[in-house]
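To be precise, the following lines are data.cif, and they hold mmCIF, N, CA and C atoms and all ligand atoms.
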```cif
data_run
#
loop_
_atom_site.label_atom_id
_atom_site.label_comp_id
_atom_site.auth_asym_id
_atom_site.auth_seq_id
_atom_site.Cartn_x
_atom_site.Cartn_y
_atom_site.Cartn_z
N MET A 1 123.28 105.67 104.75
CA MET A 1 123.11 104.71 103.63
C MET A 1 122.00 103.72 103.93
N SER A 2 121.56 103.69 105.19
CA SER A 2 120.57 102.69 105.56
C SER A 2 119.19 102.99 104.97
N GLU A 3 118.97 104.23 104.54
CA GLU A 3 117.66 104.60 103.99
C GLU A 3 117.57 104.32 102.50
N ARG A 4 118.68 103.97 101.92
CA ARG A 4 118.68 103.72 100.47
C ARG A 4 117.98 102.40 100.19
N THR A 5 117.03 102.45 99.28
CA THR A 5 116.33 101.23 98.89
C THR A 5 117.04 100.58 97.70
N PRO A 6 117.42 99.36 97.86
CA PRO A 6 118.10 98.67 96.76
C PRO A 6 117.19 98.52 95.55
N ALA A 7 117.74 98.67 94.40
CA ALA A 7 116.95 98.55 93.18
C ALA A 7 116.57 97.10 92.94
N GLY A 8 115.28 96.86 92.89
CA GLY A 8 114.82 95.50 92.68
C GLY A 8 114.67 95.18 91.20
N PRO A 9 114.49 93.92 90.91
CA PRO A 9 114.31 93.51 89.51
C PRO A 9 112.95 93.98 88.99
N PRO A 10 112.82 94.15 87.69
CA PRO A 10 111.55 94.60 87.09
C PRO A 10 110.38 93.69 87.42
N SER A 11 110.66 92.44 87.76
CA SER A 11 109.58 91.49 88.05
C SER A 11 108.79 91.93 89.29
N GLY A 12 109.40 92.74 90.13
CA GLY A 12 108.70 93.22 91.32
C GLY A 12 107.51 94.08 90.94
N GLU A 13 107.62 94.79 89.84
CA GLU A 13 106.52 95.62 89.37
C GLU A 13 105.36 94.75 88.91
N ALA A 14 105.67 93.63 88.32
CA ALA A 14 104.64 92.74 87.80
C ALA A 14 103.77 92.20 88.92
N ASP A 15 104.36 92.00 90.09
CA ASP A 15 103.61 91.45 91.21
C ASP A 15 102.55 92.44 91.70
N LYS A 16 102.79 93.71 91.43
CA LYS A 16 101.85 94.72 91.89
C LYS A 16 100.69 94.91 90.91
N MET A 17 100.87 94.41 89.70
CA MET A 17 99.85 94.59 88.69
C MET A 17 98.71 93.60 88.89
N ALA A 18 97.50 94.09 88.77
CA ALA A 18 96.35 93.21 88.87
C ALA A 18 95.62 93.20 87.53
N LEU A 19 95.23 92.01 87.13
CA LEU A 19 94.48 91.89 85.88
C LEU A 19 93.02 91.68 86.20
N PHE A 20 92.18 92.16 85.32
CA PHE A 20 90.75 92.11 85.54
C PHE A 20 90.06 91.53 84.32
N CYS A 21 89.23 90.52 84.55
CA CYS A 21 88.49 89.91 83.44
C CYS A 21 87.20 90.68 83.21
N GLN A 22 87.04 91.16 82.02
CA GLN A 22 85.85 91.95 81.69
C GLN A 22 84.61 91.08 81.55
N GLU A 23 84.80 89.79 81.38
CA GLU A 23 83.67 88.90 81.19
C GLU A 23 82.99 88.48 82.49
N CYS A 24 83.81 88.03 83.46
CA CYS A 24 83.21 87.51 84.70
C CYS A 24 83.63 88.31 85.94
N GLY A 25 84.54 89.26 85.75
CA GLY A 25 84.94 90.09 86.87
C GLY A 25 86.04 89.49 87.72
N HIS A 26 86.59 88.39 87.29
CA HIS A 26 87.67 87.75 88.05
C HIS A 26 88.87 88.68 88.10
N THR A 27 89.39 88.89 89.30
CA THR A 27 90.55 89.75 89.48
C THR A 27 91.64 89.01 90.23
N SER A 28 92.85 89.11 89.75
CA SER A 28 93.98 88.44 90.38
C SER A 28 95.27 89.12 89.93
N PRO A 29 96.28 89.09 90.77
CA PRO A 29 97.57 89.64 90.34
C PRO A 29 98.08 88.92 89.11
N MET A 30 98.95 89.58 88.39
CA MET A 30 99.47 88.99 87.17
C MET A 30 100.16 87.67 87.46
N SER A 31 100.71 87.56 88.67
CA SER A 31 101.40 86.33 89.08
C SER A 31 100.44 85.38 89.80
N GLY A 32 99.13 85.64 89.66
CA GLY A 32 98.14 84.85 90.35
C GLY A 32 97.77 83.58 89.62
N ASP A 33 96.45 83.33 89.54
CA ASP A 33 95.99 82.04 89.01
C ASP A 33 95.58 82.09 87.54
N TRP A 34 96.06 83.09 86.83
CA TRP A 34 95.73 83.18 85.41
C TRP A 34 96.39 82.05 84.63
N LEU A 35 95.73 81.66 83.58
CA LEU A 35 96.29 80.62 82.72
C LEU A 35 97.08 81.30 81.61
N VAL A 36 98.34 80.96 81.52
CA VAL A 36 99.19 81.57 80.50
C VAL A 36 99.36 80.59 79.34
N GLN A 37 98.94 81.03 78.18
CA GLN A 37 99.06 80.18 77.00
C GLN A 37 100.05 80.79 76.02
N GLU A 38 100.88 79.94 75.48
CA GLU A 38 101.87 80.42 74.52
C GLU A 38 101.36 80.20 73.11
N GLY A 39 101.30 81.28 72.37
CA GLY A 39 100.82 81.19 70.99
C GLY A 39 101.92 81.55 70.02
N THR A 40 101.58 81.56 68.76
CA THR A 40 102.57 81.87 67.73
C THR A 40 102.99 83.33 67.76
N ASP A 41 102.13 84.16 68.34
CA ASP A 41 102.41 85.59 68.36
C ASP A 41 102.78 86.08 69.76
N GLY A 42 103.09 85.14 70.66
CA GLY A 42 103.47 85.54 72.01
C GLY A 42 102.61 84.84 73.05
N TYR A 43 102.55 85.43 74.21
CA TYR A 43 101.79 84.83 75.30
C TYR A 43 100.46 85.53 75.48
N ARG A 44 99.50 84.78 75.98
CA ARG A 44 98.22 85.40 76.31
C ARG A 44 97.78 84.90 77.67
N VAL A 45 97.13 85.78 78.41
CA VAL A 45 96.65 85.43 79.75
C VAL A 45 95.17 85.13 79.66
N VAL A 46 94.79 83.93 80.07
CA VAL A 46 93.41 83.48 79.97
C VAL A 46 92.79 83.37 81.36
N CYS A 47 91.58 83.84 81.50
CA CYS A 47 90.86 83.78 82.76
C CYS A 47 90.55 82.33 83.13
N PRO A 48 90.90 81.90 84.36
CA PRO A 48 90.65 80.53 84.80
C PRO A 48 89.18 80.27 85.06
N GLU A 49 88.38 81.34 85.15
CA GLU A 49 86.97 81.20 85.47
C GLU A 49 86.12 80.98 84.21
N CYS A 50 86.36 81.79 83.18
CA CYS A 50 85.51 81.72 82.00
C CYS A 50 86.28 81.46 80.71
N GLY A 51 87.61 81.47 80.80
CA GLY A 51 88.40 81.14 79.63
C GLY A 51 88.60 82.28 78.65
N THR A 52 88.23 83.47 79.06
CA THR A 52 88.40 84.62 78.18
C THR A 52 89.85 85.09 78.20
N ALA A 53 90.37 85.42 77.06
CA ALA A 53 91.73 85.95 76.98
C ALA A 53 91.74 87.38 77.49
N VAL A 54 92.34 87.58 78.65
CA VAL A 54 92.37 88.90 79.27
C VAL A 54 93.43 89.77 78.61
N VAL A 55 94.56 89.17 78.35
CA VAL A 55 95.64 89.90 77.70
C VAL A 55 96.05 89.13 76.45
N SER A 56 95.96 89.78 75.32
CA SER A 56 96.29 89.11 74.07
C SER A 56 97.56 89.67 73.45
N GLN A 57 98.28 90.43 74.25
CA GLN A 57 99.52 91.01 73.75
C GLN A 57 100.72 90.32 74.40
N PRO A 58 101.82 90.24 73.71
CA PRO A 58 103.03 89.59 74.25
C PRO A 58 103.71 90.46 75.31
N VAL A 59 102.97 90.74 76.38
CA VAL A 59 103.48 91.63 77.41
C VAL A 59 104.65 91.02 78.16
N PHE A 60 104.73 89.69 78.16
CA PHE A 60 105.79 89.03 78.92
C PHE A 60 107.17 89.29 78.32
N GLY A 61 107.18 89.79 77.10
CA GLY A 61 108.44 90.07 76.46
C GLY A 61 109.27 91.09 77.24
N ALA A 62 108.59 91.93 78.00
CA ALA A 62 109.28 92.95 78.78
C ALA A 62 110.03 92.35 79.96
N PHE A 63 109.66 91.14 80.32
CA PHE A 63 110.27 90.52 81.50
C PHE A 63 111.38 89.55 81.10
N ALA A 64 111.47 89.25 79.83
CA ALA A 64 112.46 88.26 79.37
C ALA A 64 113.87 88.81 79.53
ZN ZN A 101 86.64 85.59 83.35
#
```
Give the structure from the file, written as C-alpha cells.
Amino acid sequence: MSERTPAGPPSGEADKMALFCQECGHTSPMSGDWLVQEGTDGYRVVCPECGTAVVSQPVFGAFA
C-alpha cells in the first residue's frame, strides 16, 4: 500500500500549468505573479509586465 499515491486536490494541476503572454513573452505558473481581475463575465488573468489579458475566459470556475 506504500506505493499508492493519494489523490490530490484539482488545484495541484493548476500549479503545474504555465501561462504565457503573447505580447511580451512573460511566463509564470498560473499561481505565479499574474494579476487576476474579476469582471462581470468571470475572471481574467492579466500580465503584470504589459497589462495584456492572457486569459479572458472564466477558467477559475473549474476550481471553485
Ligand atoms: Zn505581457
> From the list A:Cys24, A:Ala18, A:Leu35, A:Val46, which residue is nearest ligand ZN 101 (chain A) when using only C-alpha atoms and all ligand atoms?
Replying inline: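 Checking each candidate against ligand ZN 101 (chain A), we get A:Cys24 as the closest.
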> How many Å lie between atom C of A:Glu23 and atom CA of A:Thr40, rounded to one decimal?
Replying inline: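 Taking atom C of A:Glu23 as the start and atom CA of A:Thr40 as the end point, the length is 25.4 Å.
For ligand ZN 101 (chain A), the set of protein, DNA and RNA residues within 8 Å, based on all atoms listed in the file, reads Phe20, Cys21, Gln22, Glu23, Cys24, Gly25, His26, Thr27, Val46, Cys47, Pro48, Glu49, Cys50, Gly51, Thr52, Ala53 and Val54 of chain A.
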How would the residues just picked look written out with N, CA and C atoms as a compact mmCIF listing (two decimals), in the frame of the given file?
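Wrote selection_19.txt, looks like this:
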```
# COMPACT_ATOMS: atom_id res chain seq x y z
N PHE A 20 92.18 92.16 85.32
CA PHE A 20 90.75 92.11 85.54
C PHE A 20 90.06 91.53 84.32
N CYS A 21 89.23 90.52 84.55
CA CYS A 21 88.49 89.91 83.44
C CYS A 21 87.20 90.68 83.21
N GLN A 22 87.04 91.16 82.02
CA GLN A 22 85.85 91.95 81.69
C GLN A 22 84.61 91.08 81.55
N GLU A 23 84.80 89.79 81.38
CA GLU A 23 83.67 88.90 81.19
C GLU A 23 82.99 88.48 82.49
N CYS A 24 83.81 88.03 83.46
CA CYS A 24 83.21 87.51 84.70
C CYS A 24 83.63 88.31 85.94
N GLY A 25 84.54 89.26 85.75
CA GLY A 25 84.94 90.09 86.87
C GLY A 25 86.04 89.49 87.72
N HIS A 26 86.59 88.39 87.29
CA HIS A 26 87.67 87.75 88.05
C HIS A 26 88.87 88.68 88.10
N THR A 27 89.39 88.89 89.30
CA THR A 27 90.55 89.75 89.48
C THR A 27 91.64 89.01 90.23
N VAL A 46 94.79 83.93 80.07
CA VAL A 46 93.41 83.48 79.97
C VAL A 46 92.79 83.37 81.36
N CYS A 47 91.58 83.84 81.50
CA CYS A 47 90.86 83.78 82.76
C CYS A 47 90.55 82.33 83.13
N PRO A 48 90.90 81.90 84.36
CA PRO A 48 90.65 80.53 84.80
C PRO A 48 89.18 80.27 85.06
N GLU A 49 88.38 81.34 85.15
CA GLU A 49 86.97 81.20 85.47
C GLU A 49 86.12 80.98 84.21
N CYS A 50 86.36 81.79 83.18
CA CYS A 50 85.51 81.72 82.00
C CYS A 50 86.28 81.46 80.71
N GLY A 51 87.61 81.47 80.80
CA GLY A 51 88.40 81.14 79.63
C GLY A 51 88.60 82.28 78.65
N THR A 52 88.23 83.47 79.06
CA THR A 52 88.40 84.62 78.18
C THR A 52 89.85 85.09 78.20
N ALA A 53 90.37 85.42 77.06
CA ALA A 53 91.73 85.95 76.98
C ALA A 53 91.74 87.38 77.49
N VAL A 54 92.34 87.58 78.65
CA VAL A 54 92.37 88.90 79.27
C VAL A 54 93.43 89.77 78.61
```
> How many Å lie between atom N of A:Gly32 and atom N of A:Val45, rounded to one decimal?
Replying inline: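 Atom N of A:Val45 lies 11.4 Å from atom N of A:Gly32.
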May I have the centre and edge lengths, in Å to one decimal, of an axis-aligned box around the listed atoms of stretch 33-46 of chain A with 3 Å added to every side, as AutoDock Vina command-line options?
```
--center_x 98.1 --center_y 83.0 --center_z 78.6 --size_x 16.7 --size_y 12.1 --size_z 27.8
```
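Across the model, the gap from atom CA of A:Leu19 to atom N of A:Glu38 is 17.1 Å.
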